[in-house]
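Peer 1: Coordinates in input.cif, mmCIF, C-alpha atoms, are listed below.
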```cif
data_input
#
loop_
_atom_site.group_PDB
_atom_site.id
_atom_site.type_symbol
_atom_site.label_atom_id
_atom_site.label_comp_id
_atom_site.auth_asym_id
_atom_site.auth_seq_id
_atom_site.Cartn_x
_atom_site.Cartn_y
_atom_site.Cartn_z
ATOM 1 C CA MET A 46 23.019 149.588 4.696
ATOM 2 C CA LEU A 47 19.932 150.477 2.704
ATOM 3 C CA LEU A 48 19.743 152.674 -0.393
ATOM 4 C CA TRP A 49 16.594 154.793 -0.568
ATOM 5 C CA VAL A 50 16.077 156.530 -3.895
ATOM 6 C CA GLY A 51 13.669 159.356 -4.624
ATOM 7 C CA LEU A 52 12.775 159.836 -8.269
ATOM 8 C CA GLY A 53 12.348 163.253 -9.834
ATOM 9 C CA ASN A 54 13.869 165.750 -12.228
ATOM 10 C CA PRO A 55 16.600 168.170 -11.096
ATOM 11 C CA GLU A 56 15.425 171.403 -12.753
ATOM 12 C CA PRO A 57 14.450 173.982 -10.091
ATOM 13 C CA GLY A 58 11.319 174.805 -12.079
ATOM 14 C CA MET A 59 10.199 171.173 -11.741
ATOM 15 C CA ALA A 60 10.486 171.010 -7.957
ATOM 16 C CA PHE A 61 6.706 170.867 -7.393
ATOM 17 C CA ASN A 62 5.876 168.582 -10.353
ATOM 18 C CA ARG A 63 3.873 165.462 -9.541
ATOM 19 C CA HIS A 64 6.749 163.486 -11.116
ATOM 20 C CA ASN A 65 9.003 164.819 -8.315
ATOM 21 C CA ILE A 66 7.044 163.375 -5.396
ATOM 22 C CA GLY A 67 9.886 160.874 -4.869
ATOM 23 C CA PHE A 68 12.340 163.737 -4.326
ATOM 24 C CA MET A 69 9.833 165.387 -1.986
ATOM 25 C CA ALA A 70 9.378 162.217 0.080
ATOM 26 C CA LEU A 71 13.128 161.776 0.492
ATOM 27 C CA ASP A 72 13.552 165.443 1.476
ATOM 28 C CA VAL A 73 11.045 165.020 4.314
ATOM 29 C CA ILE A 74 12.610 161.710 5.451
ATOM 30 C CA VAL A 75 16.089 163.283 5.472
ATOM 31 C CA LEU A 76 14.824 166.253 7.485
ATOM 32 C CA ARG A 77 12.703 164.233 9.933
ATOM 33 C CA HIS A 78 15.443 161.678 10.657
ATOM 34 C CA ARG A 79 18.252 164.265 10.755
ATOM 35 C CA PHE A 80 20.426 162.932 7.958
ATOM 36 C CA SER A 81 23.632 164.673 6.867
ATOM 37 C CA GLU A 82 23.510 167.581 4.444
ATOM 38 C CA TRP A 83 23.013 166.706 0.778
ATOM 39 C CA LYS A 84 26.234 166.377 -1.250
ATOM 40 C CA ARG A 85 26.999 165.482 -4.864
ATOM 41 C CA LYS A 86 27.974 161.873 -5.503
ATOM 42 C CA PHE A 87 26.973 159.054 -7.882
ATOM 43 C CA ARG A 88 25.561 161.544 -10.418
ATOM 44 C CA GLY A 89 23.077 162.633 -7.803
ATOM 45 C CA LEU A 90 22.638 164.146 -4.368
ATOM 46 C CA VAL A 91 23.208 161.904 -1.349
ATOM 47 C CA ALA A 92 22.563 162.275 2.357
ATOM 48 C CA GLU A 93 23.451 159.731 5.032
ATOM 49 C CA GLY A 94 21.578 158.891 8.177
ATOM 50 C CA ALA A 95 19.775 156.236 10.115
ATOM 51 C CA VAL A 96 16.138 155.174 10.220
ATOM 52 C CA GLY A 97 15.008 152.722 12.868
ATOM 53 C CA GLY A 98 18.612 152.007 13.789
ATOM 54 C CA GLU A 99 19.591 151.047 10.215
ATOM 55 C CA LYS A 100 22.078 153.058 8.144
ATOM 56 C CA VAL A 101 20.355 154.571 5.094
ATOM 57 C CA LEU A 102 21.870 156.345 2.107
ATOM 58 C CA ALA A 103 19.309 158.693 0.525
ATOM 59 C CA LEU A 104 19.852 159.344 -3.187
ATOM 60 C CA LYS A 105 18.200 161.827 -5.537
ATOM 61 C CA PRO A 106 19.524 161.152 -9.069
ATOM 62 C CA LEU A 107 20.380 164.317 -10.981
ATOM 63 C CA THR A 108 20.364 162.464 -14.296
ATOM 64 C CA TYR A 109 16.734 163.288 -15.102
ATOM 65 C CA MET A 110 14.060 160.651 -14.744
ATOM 66 C CA ASN A 111 14.850 158.681 -17.901
ATOM 67 C CA LEU A 112 18.440 157.969 -16.769
ATOM 68 C CA SER A 113 17.846 157.486 -13.029
ATOM 69 C CA GLY A 114 19.199 153.956 -13.168
ATOM 70 C CA GLU A 115 22.735 155.169 -13.925
ATOM 71 C CA SER A 116 22.883 156.980 -10.585
ATOM 72 C CA VAL A 117 21.204 154.144 -8.662
ATOM 73 C CA GLN A 118 23.506 151.510 -10.164
ATOM 74 C CA ALA A 119 26.623 153.564 -9.320
ATOM 75 C CA ALA A 120 25.609 153.899 -5.651
ATOM 76 C CA ALA A 121 24.516 150.254 -5.300
ATOM 77 C CA ALA A 122 27.735 149.003 -6.920
ATOM 78 C CA PHE A 123 29.981 151.240 -4.790
ATOM 79 C CA TYR A 124 28.495 149.876 -1.564
ATOM 80 C CA LYS A 125 28.073 146.339 -3.002
ATOM 81 C CA LEU A 126 24.401 146.377 -2.061
ATOM 82 C CA PRO A 127 22.063 143.586 -3.094
ATOM 83 C CA VAL A 128 19.121 144.747 -5.184
ATOM 84 C CA ALA A 129 16.685 143.964 -2.339
ATOM 85 C CA SER A 130 18.432 146.680 -0.248
ATOM 86 C CA VAL A 131 17.188 149.337 -2.678
ATOM 87 C CA THR A 132 13.867 151.138 -2.126
ATOM 88 C CA VAL A 133 12.569 153.566 -4.753
ATOM 89 C CA PHE A 134 10.008 156.276 -3.882
ATOM 90 C CA HIS A 135 8.117 157.357 -7.005
ATOM 91 C CA ASP A 136 4.922 158.829 -8.414
ATOM 92 C CA ASP A 137 2.201 156.464 -9.569
ATOM 93 C CA ILE A 138 -0.664 157.654 -11.765
ATOM 94 C CA ASP A 139 -2.554 154.395 -11.262
ATOM 95 C CA LEU A 140 -3.112 155.253 -7.590
ATOM 96 C CA ALA A 141 -5.532 157.905 -6.367
ATOM 97 C CA PRO A 142 -3.911 161.067 -4.991
ATOM 98 C CA GLY A 143 -2.548 160.457 -1.498
ATOM 99 C CA LYS A 144 -2.664 156.653 -1.674
ATOM 100 C CA VAL A 145 0.478 154.615 -0.981
ATOM 101 C CA ARG A 146 1.391 151.078 -1.946
ATOM 102 C CA VAL A 147 4.615 149.198 -1.259
ATOM 103 C CA LYS A 148 5.750 146.176 -3.223
ATOM 104 C CA LEU A 149 8.835 144.147 -3.973
ATOM 105 C CA GLY A 150 9.635 143.825 -7.655
ATOM 106 C CA GLY A 151 7.258 144.136 -10.564
ATOM 107 C CA GLY A 152 7.201 145.889 -13.899
ATOM 108 C CA ALA A 153 7.772 149.533 -14.702
ATOM 109 C CA ALA A 154 4.115 150.181 -15.671
ATOM 110 C CA GLY A 155 5.227 152.808 -18.176
ATOM 111 C CA HIS A 156 7.329 154.744 -15.626
ATOM 112 C CA ASN A 157 10.556 155.788 -17.330
ATOM 113 C CA GLY A 158 12.496 156.142 -14.076
ATOM 114 C CA LEU A 159 11.662 152.564 -13.061
ATOM 115 C CA ARG A 160 12.417 151.340 -16.575
ATOM 116 C CA SER A 161 15.883 152.934 -16.354
ATOM 117 C CA ILE A 162 16.530 151.376 -12.938
ATOM 118 C CA ASP A 163 15.408 147.960 -14.208
ATOM 119 C CA ARG A 164 17.891 148.223 -17.104
ATOM 120 C CA SER A 165 20.765 149.436 -14.929
ATOM 121 C CA LEU A 166 20.355 147.003 -12.045
ATOM 122 C CA GLY A 167 19.535 144.089 -14.329
ATOM 123 C CA ASP A 168 17.006 142.960 -11.744
ATOM 124 C CA GLN A 169 13.532 144.123 -10.774
ATOM 125 C CA GLY A 170 13.754 142.775 -7.216
ATOM 126 C CA TYR A 171 13.959 146.146 -5.464
ATOM 127 C CA TRP A 172 11.314 147.720 -3.244
ATOM 128 C CA ARG A 173 8.948 150.375 -4.582
ATOM 129 C CA VAL A 174 7.016 152.899 -2.543
ATOM 130 C CA ARG A 175 4.303 153.972 -4.972
ATOM 131 C CA LEU A 176 2.920 157.434 -4.176
ATOM 132 C CA GLY A 177 -0.421 158.133 -5.838
ATOM 133 C CA VAL A 178 -0.819 161.288 -7.900
ATOM 134 C CA GLY A 179 -3.988 160.320 -9.792
ATOM 135 C CA HIS A 180 -4.681 159.623 -13.452
ATOM 136 C CA PRO A 181 -5.831 162.464 -15.736
ATOM 137 C CA GLY A 182 -6.816 160.293 -18.706
ATOM 138 C CA LYS A 183 -4.535 158.677 -21.274
ATOM 139 C CA GLU A 184 -4.099 161.738 -23.520
ATOM 140 C CA ARG A 185 -3.020 164.011 -20.690
ATOM 141 C CA VAL A 186 -0.540 161.857 -18.724
ATOM 142 C CA LEU A 187 2.636 163.761 -19.643
ATOM 143 C CA GLY A 188 1.172 167.167 -18.819
ATOM 144 C CA HIS A 189 -0.232 165.770 -15.569
ATOM 145 C CA VAL A 190 2.996 164.275 -14.202
ATOM 146 C CA LEU A 191 5.048 167.261 -15.347
ATOM 147 C CA GLY A 192 2.483 169.672 -13.898
ATOM 148 C CA ASP A 193 2.803 171.128 -10.418
ATOM 149 C CA PHE A 194 0.754 170.070 -7.446
ATOM 150 C CA SER A 195 -1.809 172.775 -6.786
ATOM 151 C CA ARG A 196 -1.741 174.720 -3.552
ATOM 152 C CA GLN A 197 -5.011 172.961 -2.700
ATOM 153 C CA ASP A 198 -3.358 169.536 -3.215
ATOM 154 C CA ARG A 199 -0.465 170.513 -0.974
ATOM 155 C CA GLU A 200 -2.789 171.713 1.777
ATOM 156 C CA ASP A 201 -5.414 168.960 1.435
ATOM 157 C CA TRP A 202 -3.227 165.870 1.297
ATOM 158 C CA LEU A 203 0.356 166.155 -0.007
ATOM 159 C CA GLU A 204 2.003 167.602 3.105
ATOM 160 C CA ALA A 205 0.178 165.106 5.346
ATOM 161 C CA LEU A 206 1.165 162.216 3.069
ATOM 162 C CA LEU A 207 4.847 163.165 2.991
ATOM 163 C CA GLY A 208 4.893 163.681 6.762
ATOM 164 C CA ALA A 209 3.282 160.277 7.339
ATOM 165 C CA VAL A 210 5.741 158.550 4.984
ATOM 166 C CA ALA A 211 8.661 160.048 6.923
ATOM 167 C CA GLU A 212 7.124 159.292 10.323
ATOM 168 C CA GLU A 213 6.380 155.662 9.488
ATOM 169 C CA ALA A 214 9.659 155.033 7.584
ATOM 170 C CA PRO A 215 11.061 152.803 10.383
ATOM 171 C CA LEU A 216 8.410 150.235 9.416
ATOM 172 C CA LEU A 217 10.001 150.015 5.956
ATOM 173 C CA VAL A 218 13.363 149.284 7.577
ATOM 174 C CA GLU A 219 11.731 146.501 9.581
ATOM 175 C CA GLY A 220 10.234 145.003 6.408
ATOM 176 C CA ARG A 221 6.702 145.680 7.632
ATOM 177 C CA ALA A 222 5.225 146.982 4.385
ATOM 178 C CA GLU A 223 1.601 146.234 5.328
ATOM 179 C CA ALA A 224 1.903 148.087 8.638
ATOM 180 C CA PHE A 225 3.602 151.002 6.854
ATOM 181 C CA MET A 226 0.767 151.276 4.321
ATOM 182 C CA SER A 227 -1.902 151.038 7.036
ATOM 183 C CA ARG A 228 -0.342 153.677 9.250
ATOM 184 C CA VAL A 229 0.324 156.072 6.383
ATOM 185 C CA ALA A 230 -3.281 155.638 5.216
ATOM 186 C CA ALA A 231 -4.574 156.358 8.727
ATOM 187 C CA SER A 232 -2.420 159.501 9.037
ATOM 188 C CA ALA A 233 -2.770 160.940 5.543
ATOM 189 C CA GLN A 234 -6.200 160.987 3.994
ATOM 190 C CA GLY A 235 -6.277 161.649 0.258
ATOM 191 C CA PRO A 236 -8.687 164.193 -1.223
ATOM 192 C CA GLY A 237 -12.293 163.195 -0.705
#
```
Show this structure as structure tokens.

Peer 2:
Amino acid sequence: MLLWVGLGNPEPGMAFNRHNIGFMALDVIVLRHRFSEWKRKFRGLVAEGAVGGEKVLALKPLTYMNLSGESVQAAAAFYKLPVASVTVFHDDIDLAPGKVRVKLGGGAAGHNGLRSIDRSLGDQGYWRVRLGVGHPGKERVLGHVLGDFSRQDREDWLEALLGAVAEEAPLLVEGRAEAFMSRVAASAQGPG
């Protein structure tokens, strides 16, 4: 079993924030691959399904970004999952809008959700699907990530990106991160 985690904040008014792109990605994966309905468990929302023949538990922590690790740790411990079975989908301001990078392990790079997961799992050896939202400049980071995607962003690249991530998700199951990134890039062009 794999645990796929989307990072975001649970407030309805934050649903279209750039910081919630992890929630958005998981929503599209769950819909595309016909997972179960979302239900409350592990201080979050979970849905069960299969991607590429592998059982996947989708988790959206409802703990707010800064405490995401509590929810992730509870789910991973319940199913006795090794850290390498966890994949986290999250926003990344160091990537241009619409760009995707996948990596195993690494630092939190200032991302409070990743920092919380690192603390709770006690290990940084989980997979990260980094979804680019662009960098506004150092002074404006908080307002940028907590700001909504514009309608233009959604039409120009966000919907295509999320669709491509869901479509190519079986490559993540197969451990083919490079192929996943290439295919998503070919399907979802960022702005400009």

Peer 1: Using only C-alpha atoms, find the one residue out of A:Gly158, A:Gly167, A:Pro106, A:Gly89 that sits nearest to Asp137 of chain A.

Peer 2: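 Closest candidate: A:Gly158.
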
Peer 1: So which residues get picked by the PyMOL selection byres ((chain A and resi 217-230) around 10) here, written as number ranges by chain?

Peer 2: A: 47, 95-101, 130, 132, 143-149, 172, 174, 205-216, 231-235

Peer 1: Give me the result of the PyMOL selection byres ((chain A and resi 193) around 7) on this file, residue by residue, as a VMD selection string.

Peer 2: chain A and resid 61 to 63 191 to 192 194 to 195

Peer 1: Specify as number ranges by chain each residue included when the PyMOL selection byres ((chain A and resi 69-79) around 6) is applied to this file.

Peer 2: A: 51, 66-68, 80, 207, 211

Peer 1: Identify which of the residues A:His64, A:Lys125, A:His189, A:His135 lies closest to Ile162 of chain A, counting all atoms listed in the file when measuring atom-to-atom distances.

Peer 2: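 Comparing A:His64, A:Lys125, A:His189, A:His135 against Ile162 of chain A, the winner is A:His135.
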
Peer 1: Can you tell me, as lines of an AutoDock Vina configuration file, the centre and edge lengths (Å, one decimal) of the axis-aligned box enclosing all of segment 125-137 of chain A's listed atoms after padding each side by 6 Å?

Peer 2:
```
center_x = 15.1
center_y = 151.2
center_z = -4.9
size_x = 37.9
size_y = 27.2
size_z = 21.3
```

Peer 1: I'd like the contact shell of Ser161 of chain A - 7 Å cut-off, all atoms listed in the file, skipping same-chain residues fewer than 2 positions apart - returned as a ChimeraX atom specification.

Peer 2: /A:111-114,157-159,163-165

Peer 1: Report, in Å with one decimal, the straight-line distance from atom CA of Tyr109 of chain A to atom CA of Met46 of chain A.

Peer 2: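 Value for the atom CA of Tyr109 of chain A-atom CA of Met46 of chain A distance: 24.9 Å.
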
Peer 1: Using all atoms listed in the file, pick whichever of A:Val128, A:Leu166, A:Val186, A:Leu203 has the shortest atom-to-atom distance to Ser116 of chain A.

Peer 2: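 Between A:Val128, A:Leu166, A:Val186, A:Leu203, the residue approaching Ser116 of chain A most closely is A:Leu166.
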